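Everything on this sheet refers to the single structure shown next.
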Protein chains: 2
Amino acid sequence: MGKRDEKAITSRSEDYSQWYQDIVLKAGLADYSPVKGCMVIRPLGMSLWENMQRALDGMFKETGHVNAYFPLFIPESFLKREAEHVEGFSPELAVVTHAGGKDLEESLVVRPTSETIMYEMYAKWIKSYRDLPLLINQWANVVRWEMRTRLFLRTTEFLWQEGHTAHATHDDSWDEVIRILDIYARFAEEWMAVPVHKGLKTDAEKFAGALKTTCIEGLMQDGKALQCGTSHDLGQNFSKAFEVKYQDENAEWRYCWQTSWGVSTRLIGALIMAHSDDQGLVLPPRLAPIQAAVVPIYRDDAGKEATLGAAGKLVQGLKDAGVSVTLDDRDTVSPGFKFNDWEMKGVPLRIEIGPRDVENGQCVLVPRVPTRALREKERRQKEFVSLDGASESVRDVLEAIQKALYDRALAFREEHSHDIDTYDAFREQTEKGGFIWAHWCGDPACEEKVKEDTKSTIRCLPFDERGEDGACILCGKPSERRVIWSKAY
Amino acid sequence: MGKRDEKAITSRSEDYSQWYQDIVLKAGLADYSPVKGCMVIRPLGMSLWENMQRALDGMFKETGHVNAYFPLFIPESFLKREAEHVEGFSPELAVVTHAGGKDLEESLVVRPTSETIMYEMYAKWIKSYRDLPLLINQWANVVRWEMRTRLFLRTTEFLWQEGHTAHATHDDSWDEVIRILDIYARFAEEWMAVPVHKGLKTDAEKFAGALKTTCIEGLMQDGKALQCGTSHDLGQNFSKAFEVKYQDENAEWRYCWQTSWGVSTRLIGALIMAHSDDQGLVLPPRLAPIQAAVVPIYRDDAGKEATLGAAGKLVQGLKDAGVSVTLDDRDTVSPGFKFNDWEMKGVPLRIEIGPRDVENGQCVLVPRVPTRALREKERRQKEFVSLDGASESVRDVLEAIQKALYDRALAFREEHSHDIDTYDAFREQTEKGGFIWAHWCGDPACEEKVKEDTKSTIRCLPFDERGEDGACILCGKPSERRVIWSKAY
């Protein structure tokens, strides 16, 4: 088996699930670990996560949030103080019963989320309306015991951020819920190039302990939905359970209004499934750890010298222009191998240069996915640009790739979004995949029955809905709006 | 009790340990959590850690290291594969015995350090000499069950980085050990302004499973030493236990040579104890989350308007110049309260501005600690500078503060370093504190006896030692070098 074969991945049409796993393993994003359900995030996956962190962290800080760090362990009794919360998380807990050579008096839960441990501290810190709003975020690992796991999408341990805020009024906390949802949507669309619908979860799908859960939902290439982030209105559920109170201007004690919100390494799964193809990973330039790979092509020593000289200068110029670029000067593998390798790893732009190019003062830009400019020139997948102006050309093409990815994902979503009005058509479309906009009467019983019948769930009550009278897809009772249904990860 | 009193801290001379705790709590660096031994890192402490992370991460990446993330949980059996390792860590382990509603077949340890789980993966990834060196770092939380804890210095859970590398030869791995030790020393001295000795640990003090441990050691204001970072030569101990092997150029299988190295949130404890004073926290400008606080001072509305206008411009100019600055325009507290508040929080530079200053086109710089330039002008603790050139003046003063802190800490260390040649003098000096340079024959029995007698340990066999013949401080046998002794955190 040659090197090319070792690297080959299953095609999406053959087996989407195997294709996904091949991409993750063969691009070097993550690996299975010896601990059931836990993954190892390999350097490419980690630098992708770091780029995501940096962008999100900047947005959080711009809107007044600060980072802190709370304990990994939570006393078991804390979780029980909020009834729905403990019910939601109990089946997934990992429990430390033994430490420092002794059995513990009270078992400690490895945090599945940190509402309880954080709000115990908030109760201590918040005294007056002057201490509000309290806007804290934490980057951390969390653990939810999962039986059926998939790299990035569903793992026992994952990395995430969890924001936890406290406010004086419900108006203030609701504004925060939406402020964060907007940040998540902006991040998904502008950085990940994944178009999302913002909306409200139904009661059946909301966070355990929340009044309301808002979310962003993306559509993957196999027609299934992926929840990309959630922002919860906790109301006063936790503040009452943990006595998170403040004295108002009149010295009256009042319970705080709280929010929590998070995104996780699951977003890496979303990135993969939204953009990648049968050649390997596809990454949007704004998040790609390496944006461009320069591959020199030559046949003899004279050609090598001229080419590497020019390639070195090109790389330096690109670095100076802020492009994250690498020079692939390996001489143990062929150019063709390198092309496949960088395609597999999702580098958005390949730059080829050979002795003839150096003579002509040019290099060749080959985007990982066709940009609109290239698509318009039929059958052309590459572009010759002058070495003099290469930095500017490269930056332009990277921007064009970012846009092309978003446009492609948006077009895919539009093609795969359907208004459906009969239950037969609903069943049929659910099998084909995509977002189904269908009427729902609001009864959890209908939601549950549809899920049983079709495995389709209500992804959200979209904020961008078109108010419209209709009849519930299941029971036929009056409905004032369509909601978005789909099978989901 | 007035606001000033609430904030007052115990003096160092009265009770050093209480002073330390007061600083941590009252500056808002950290807090005790409801989970025994675990701390909450509050926003000021967290942004300090983030600044440390950023600086170190940059140095690691410059030297070819990449980040990855490995599971929090380690199967109990893994730790047992390296005999010294399990013996060293067993008493401190937290153990998950129960997860997802069931008892686990094999208990999982919450990582106290990640050699074992990482090298299990390295064994899978490394195949050829072409895969070497493998240079991976991880930023993570770790857990070591501690009975007696102190915020930042010794906590059950802490944050750290752990680098783990694999090399083809022992020369290569030893170079890595020293490369990292040099990075740690440079970080301590250039960023933290804490002078350190680099050296080798004795066998009694080395890492459980290492051939050799190198370290950097700093001296705190109470005369006790603090180990600030360690870099371990693991030899082939772990590669043999975990079958981390590579095929060399001749297709022969060989065991890798490995290193591991780490620094933790303990460094925040070092920063506090090296520089802070009875007024509160003192932070070096290169790591301070807020480098300068502008405090406007006025008596009436006209003064307020003029002052806030000029202060706003000043702040914008400083931001543009890359200074991390805040404008303290609170009108609920007095300027005096603000002065104390920023002193407590360790902001390196206070900038005062009032209506008279605005008229004169100036502002007043008040460094948190006296710079050399100010010390030379007797009794002056502040400096008037022109508003026009304020950005440059501020940057100069911040640099001068950084240098003043280092110089002060170095002078303190030199004053508290003693060559000692008799055991009586040794005992006496140990009580007074400081670094004792004394001869040691190399026998672990002498090291152990001195520790029993005096609580002084060998901090390191310093690399900057002056080779010199002498007699062991305890047994009188010949010695070729002095080693550094001290009580330690």
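By convention in this document, the chains of the structure tokens carry letters A, B, ... by their order, each chain's residues are numbered from 1, and ligands are numbered from 1 in the order they are shown.
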Could you work out which residues of chain A fall inside 6 Å of chain B? Count only C-alpha atoms, and format the result as a PyMOL selection string.
chain A and resi 38+40-43+46+67-71+91-96+98-101+145
Residues within 7 Å of B:Ile351, please, as a compact mmCIF listing (two decimals) with N, CA and C atoms, in the first residue's frame. Count only C-alpha atoms; anything in the same chain fewer than 4 positions from it doesn't count.
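Final output, saved to around-v3.txt:
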```
# COMPACT_ATOMS: atom_id res chain seq x y z
N ALA B 292 -1.50 51.04 34.14
CA ALA B 292 -1.62 52.41 34.66
C ALA B 292 -3.07 52.74 34.93
N ALA B 293 -3.32 53.43 36.04
CA ALA B 293 -4.66 53.89 36.38
C ALA B 293 -4.63 55.42 36.45
N VAL B 294 -5.49 56.05 35.67
CA VAL B 294 -5.57 57.51 35.68
C VAL B 294 -6.65 57.92 36.68
N VAL B 295 -6.25 58.73 37.66
CA VAL B 295 -7.18 59.20 38.69
C VAL B 295 -7.35 60.70 38.55
N CYS B 363 0.67 66.13 33.81
CA CYS B 363 0.05 65.19 34.74
C CYS B 363 1.14 64.65 35.66
N VAL B 364 0.72 63.88 36.66
CA VAL B 364 1.67 63.44 37.67
C VAL B 364 1.78 61.92 37.64
N LEU B 365 2.99 61.42 37.50
CA LEU B 365 3.20 59.97 37.49
C LEU B 365 3.66 59.52 38.87
N VAL B 366 2.96 58.57 39.44
CA VAL B 366 3.33 58.05 40.76
C VAL B 366 3.52 56.54 40.66
```
Identify, on the basis of only C-alpha atoms, every residue whose closest approach to A:Gln402 does not exceed 10 Å; exclude the query and any residue fewer than 4 positions from it along the same chain; express the result as a ChimeraX atom specification.
/A:190-193,283-287,348,369,371,396-398,406-407
Let me see the file: selected residues, C-alpha atoms, as a tab-separated table (two decimals), in the first residue's frame.
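Dumped to out.tsv:
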```tsv
chain	number	residue	atom	x	y	z
A	190	GLU	CA	-17.96	35.50	10.05
A	191	TRP	CA	-15.24	33.18	11.37
A	192	MET	CA	-16.47	29.64	10.79
A	193	ALA	CA	-18.32	30.56	7.58
A	283	LEU	CA	-10.83	25.24	6.84
A	284	PRO	CA	-11.97	28.84	6.57
A	285	PRO	CA	-8.93	31.14	6.23
A	286	ARG	CA	-9.83	33.23	9.29
A	287	LEU	CA	-9.47	30.18	11.56
A	348	PRO	CA	-6.95	27.09	2.34
A	369	VAL	CA	-12.08	25.51	-2.81
A	371	THR	CA	-13.55	31.18	-5.33
A	396	ASP	CA	-7.43	38.90	-1.51
A	397	VAL	CA	-7.72	35.23	-2.39
A	398	LEU	CA	-7.92	34.23	1.30
A	406	TYR	CA	-19.89	30.92	3.51
A	407	ASP	CA	-21.75	31.38	0.24
```
Which residues come within 9 Å of B:Val194, counting only C-alpha atoms, excluding same-chain residues fewer than 2 positions away, as a short mmCIF file (atom, residue, chain, number, x, y, z; two decimals) with C-alpha atoms, in the first residue's frame?
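Result file out35.cif:
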```
data_model
loop_
_atom_site.label_atom_id
_atom_site.label_comp_id
_atom_site.auth_asym_id
_atom_site.auth_seq_id
_atom_site.Cartn_x
_atom_site.Cartn_y
_atom_site.Cartn_z
CA ALA B 185 14.77 31.48 33.86
CA PHE B 187 10.63 34.32 31.92
CA ALA B 188 11.21 34.58 35.68
CA GLU B 189 13.80 37.32 35.33
CA GLU B 190 12.58 39.34 32.35
CA TRP B 191 8.83 39.08 32.89
CA MET B 192 8.33 38.34 36.57
CA VAL B 196 16.52 32.79 39.94
CA GLY B 218 13.75 32.15 43.68
CA LEU B 219 14.05 33.78 47.10
CA ALA B 270 6.06 33.73 43.70
CA LEU B 271 5.19 37.08 42.15
CA ALA B 274 8.83 38.51 45.71
CA HIS B 275 7.52 42.04 45.23
CA LEU B 405 11.62 45.53 40.78
CA TYR B 406 14.23 43.20 39.40
CA ALA B 409 14.74 41.59 44.26
CA LEU B 410 18.29 40.87 43.16
#
```
Using only C-alpha atoms, which of the listed residues (B:Thr169, B:Thr307, B:Thr202, B:Ser114) sits closest to B:Gly442?
B:Thr202
Please return, as JSON, numbers by chain, all residues of stretch 241-442 of chain B that DSSP assigns to helix (DSSP H, G or I) on the basis of the backbone.
{"B": [241, 242, 266, 267, 268, 269, 270, 271, 272, 273, 274, 275, 301, 302, 303, 304, 305, 306, 307, 308, 309, 310, 311, 312, 313, 314, 315, 316, 317, 318, 319, 320, 335, 336, 337, 338, 339, 340, 341, 342, 343, 344, 355, 356, 357, 358, 359, 360, 372, 373, 374, 375, 376, 390, 391, 392, 393, 394, 395, 396, 397, 398, 399, 400, 401, 402, 403, 404, 405, 406, 407, 408, 409, 410, 411, 412, 413, 414, 415, 423, 424, 425, 426, 427, 428, 429, 430, 431, 432]}
Stretch 242-399 of chain B: which residues are strand (DSSP E) by DSSP, as a PyMOL selection string?
chain B and resi 245-247+253-255+257-264+292-296+325-327+349-353+362-367+383-386
Produce a file of the selected residues containing N, CA and C atoms, as a short mmCIF file (atom, residue, chain, number, x, y, z; two decimals), in the first residue's frame.
```
data_model
loop_
_atom_site.label_atom_id
_atom_site.label_comp_id
_atom_site.auth_asym_id
_atom_site.auth_seq_id
_atom_site.Cartn_x
_atom_site.Cartn_y
_atom_site.Cartn_z
N LYS B 245 9.10 3.97 21.03
CA LYS B 245 10.27 3.54 20.25
C LYS B 245 10.22 4.15 18.85
N TYR B 246 11.41 4.21 18.25
CA TYR B 246 11.47 4.66 16.86
C TYR B 246 12.45 3.78 16.09
N GLN B 247 12.25 3.75 14.78
CA GLN B 247 13.21 3.05 13.92
C GLN B 247 14.25 4.05 13.45
N TRP B 253 15.03 -0.70 15.87
CA TRP B 253 14.14 -0.08 16.86
C TRP B 253 14.92 0.37 18.08
N ARG B 254 14.69 1.63 18.50
CA ARG B 254 15.37 2.18 19.68
C ARG B 254 14.36 2.89 20.57
N TYR B 255 14.62 2.88 21.86
CA TYR B 255 13.76 3.62 22.79
C TYR B 255 14.06 5.12 22.69
N TRP B 257 14.40 9.04 24.01
CA TRP B 257 14.84 9.78 25.19
C TRP B 257 13.85 10.90 25.42
N GLN B 258 13.41 11.04 26.67
CA GLN B 258 12.28 11.95 26.89
C GLN B 258 12.55 13.03 27.93
N THR B 259 11.78 14.10 27.82
CA THR B 259 11.82 15.17 28.82
C THR B 259 10.39 15.54 29.20
N SER B 260 10.23 16.08 30.39
CA SER B 260 8.98 16.76 30.71
C SER B 260 9.32 17.97 31.57
N TRP B 261 8.46 18.97 31.56
CA TRP B 261 8.77 20.25 32.22
C TRP B 261 7.49 21.03 32.46
N GLY B 262 7.47 21.80 33.53
CA GLY B 262 6.24 22.51 33.85
C GLY B 262 6.41 23.71 34.76
N VAL B 263 5.51 24.66 34.58
CA VAL B 263 5.33 25.73 35.57
C VAL B 263 3.82 25.85 35.80
N SER B 264 3.46 26.40 36.95
CA SER B 264 2.05 26.40 37.33
C SER B 264 1.61 27.75 37.88
N ALA B 292 -1.50 51.04 34.14
CA ALA B 292 -1.62 52.41 34.66
C ALA B 292 -3.07 52.74 34.93
N ALA B 293 -3.32 53.43 36.04
CA ALA B 293 -4.66 53.89 36.38
C ALA B 293 -4.63 55.42 36.45
N VAL B 294 -5.49 56.05 35.67
CA VAL B 294 -5.57 57.51 35.68
C VAL B 294 -6.65 57.92 36.68
N VAL B 295 -6.25 58.73 37.66
CA VAL B 295 -7.18 59.20 38.69
C VAL B 295 -7.35 60.70 38.55
N PRO B 296 -8.52 61.13 38.08
CA PRO B 296 -8.78 62.57 37.98
C PRO B 296 -9.14 63.14 39.36
N VAL B 325 -4.36 50.68 30.18
CA VAL B 325 -4.66 51.77 31.11
C VAL B 325 -6.14 51.82 31.40
N THR B 326 -6.48 52.27 32.59
CA THR B 326 -7.90 52.44 32.93
C THR B 326 -8.11 53.84 33.49
N LEU B 327 -9.27 54.39 33.21
CA LEU B 327 -9.63 55.70 33.77
C LEU B 327 -10.57 55.45 34.94
N LEU B 349 1.52 51.88 37.92
CA LEU B 349 1.64 53.33 37.80
C LEU B 349 0.30 54.01 38.00
N ARG B 350 0.30 54.99 38.90
CA ARG B 350 -0.88 55.84 39.06
C ARG B 350 -0.59 57.16 38.36
N ILE B 351 -1.58 57.64 37.65
CA ILE B 351 -1.41 58.94 36.99
C ILE B 351 -2.48 59.88 37.53
N GLU B 352 -2.04 60.95 38.19
CA GLU B 352 -2.99 61.91 38.76
C GLU B 352 -3.10 63.10 37.82
N ILE B 353 -4.31 63.61 37.72
CA ILE B 353 -4.49 64.81 36.92
C ILE B 353 -5.62 65.65 37.51
N GLN B 362 0.12 69.30 32.08
CA GLN B 362 0.92 68.23 32.67
C GLN B 362 0.05 67.23 33.41
N CYS B 363 0.67 66.13 33.81
CA CYS B 363 0.05 65.19 34.74
C CYS B 363 1.14 64.65 35.66
N VAL B 364 0.72 63.88 36.66
CA VAL B 364 1.67 63.44 37.67
C VAL B 364 1.78 61.92 37.64
N LEU B 365 2.99 61.42 37.50
CA LEU B 365 3.20 59.97 37.49
C LEU B 365 3.66 59.52 38.87
N VAL B 366 2.96 58.57 39.44
CA VAL B 366 3.33 58.05 40.76
C VAL B 366 3.52 56.54 40.66
N PRO B 367 4.79 56.12 40.51
CA PRO B 367 5.04 54.68 40.39
C PRO B 367 4.70 53.94 41.67
N GLU B 383 6.50 62.35 39.71
CA GLU B 383 7.17 63.05 38.65
C GLU B 383 6.12 63.78 37.82
N PHE B 384 6.34 65.06 37.55
CA PHE B 384 5.43 65.80 36.67
C PHE B 384 5.91 65.65 35.23
N VAL B 385 5.00 65.27 34.36
CA VAL B 385 5.39 65.16 32.95
C VAL B 385 4.38 65.89 32.07
N SER B 386 4.84 66.28 30.92
CA SER B 386 3.99 67.02 29.99
C SER B 386 2.94 66.09 29.39
#
```
Contacts of B:Leu314 at 9 Å or less, counting only C-alpha atoms, minus same-chain residues fewer than 5 places along, as number ranges by chain?
B: 294, 309, 319, 387-388, 390-391
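Using only C-alpha atoms, the contacts of A:Lys487 at a cut-off of 9 Å, with sequence neighbours closer than 4 positions omitted, comprise Gly223, Lys224, Ala225, Leu226, Thr430, Glu431, Gly433, Gly434, Phe435, Lys451, Thr454, Lys455, Ser456, Thr457, Ile458 and Arg459 of chain A.
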Restricting the output to C-alpha atoms, write the selected residues as a compact mmCIF listing (two decimals), in the first residue's frame.
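Output below, filename selection_29.txt:
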```txt
# COMPACT_ATOMS: atom_id res chain seq x y z
CA GLY A 223 -28.66 17.23 5.98
CA LYS A 224 -28.54 16.90 9.76
CA ALA A 225 -28.60 19.87 12.10
CA LEU A 226 -25.90 20.69 14.61
CA THR A 430 -37.04 14.01 7.13
CA GLU A 431 -35.53 10.94 5.51
CA GLY A 433 -32.56 15.56 5.45
CA GLY A 434 -32.38 19.34 5.66
CA PHE A 435 -34.29 21.95 7.64
CA LYS A 451 -39.76 12.70 17.33
CA THR A 454 -39.38 10.38 12.52
CA LYS A 455 -36.41 11.14 14.83
CA SER A 456 -36.89 14.75 13.79
CA THR A 457 -36.75 17.30 16.61
CA ILE A 458 -37.60 20.96 16.80
CA ARG A 459 -34.21 22.61 16.40
```
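Distances from A:Glu448, A:Ser334, A:Gln221, A:Ile178 to A:Glu415 were compared using only C-alpha atoms, and the smallest one belongs to A:Gln221.
For the pair atom CA of B:Ile290 and atom CA of B:Leu48, the separation is 9.5 Å.
In this structure, atom CA of A:Glu162 sits 20.0 Å away from atom CA of A:Glu76.
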Excluding A:Lys201 and residues on its chain fewer than 3 positions from it, collect all residues at most 6 Å away from it, counting only C-alpha atoms, and give them as a PDB file with N, CA and C atoms, in the first residue's frame.
```pdb
ATOM      1  N   GLU A 205     -36.374  20.704  24.936  1.00  0.00           N
ATOM      2  CA  GLU A 205     -34.975  20.735  24.507  1.00  0.00           C
ATOM      3  C   GLU A 205     -34.135  21.726  25.301  1.00  0.00           C
ATOM      4  N   LYS A 206     -34.739  22.450  26.245  1.00  0.00           N
ATOM      5  CA  LYS A 206     -33.980  23.497  26.924  1.00  0.00           C
ATOM      6  C   LYS A 206     -33.030  22.918  27.975  1.00  0.00           C
ATOM      7  N   THR A 213     -33.974  28.550  26.774  1.00  0.00           N
ATOM      8  CA  THR A 213     -32.688  28.362  26.121  1.00  0.00           C
ATOM      9  C   THR A 213     -32.770  28.886  24.701  1.00  0.00           C
ATOM     10  N   THR A 214     -31.817  29.761  24.349  1.00  0.00           N
ATOM     11  CA  THR A 214     -31.706  30.186  22.957  1.00  0.00           C
ATOM     12  C   THR A 214     -30.507  29.465  22.342  1.00  0.00           C
ATOM     13  N   CYS A 460     -35.301  24.743  16.629  1.00  0.00           N
ATOM     14  CA  CYS A 460     -35.596  25.987  17.340  1.00  0.00           C
ATOM     15  C   CYS A 460     -36.858  26.626  16.812  1.00  0.00           C
TER      16      CYS A 460
END
```
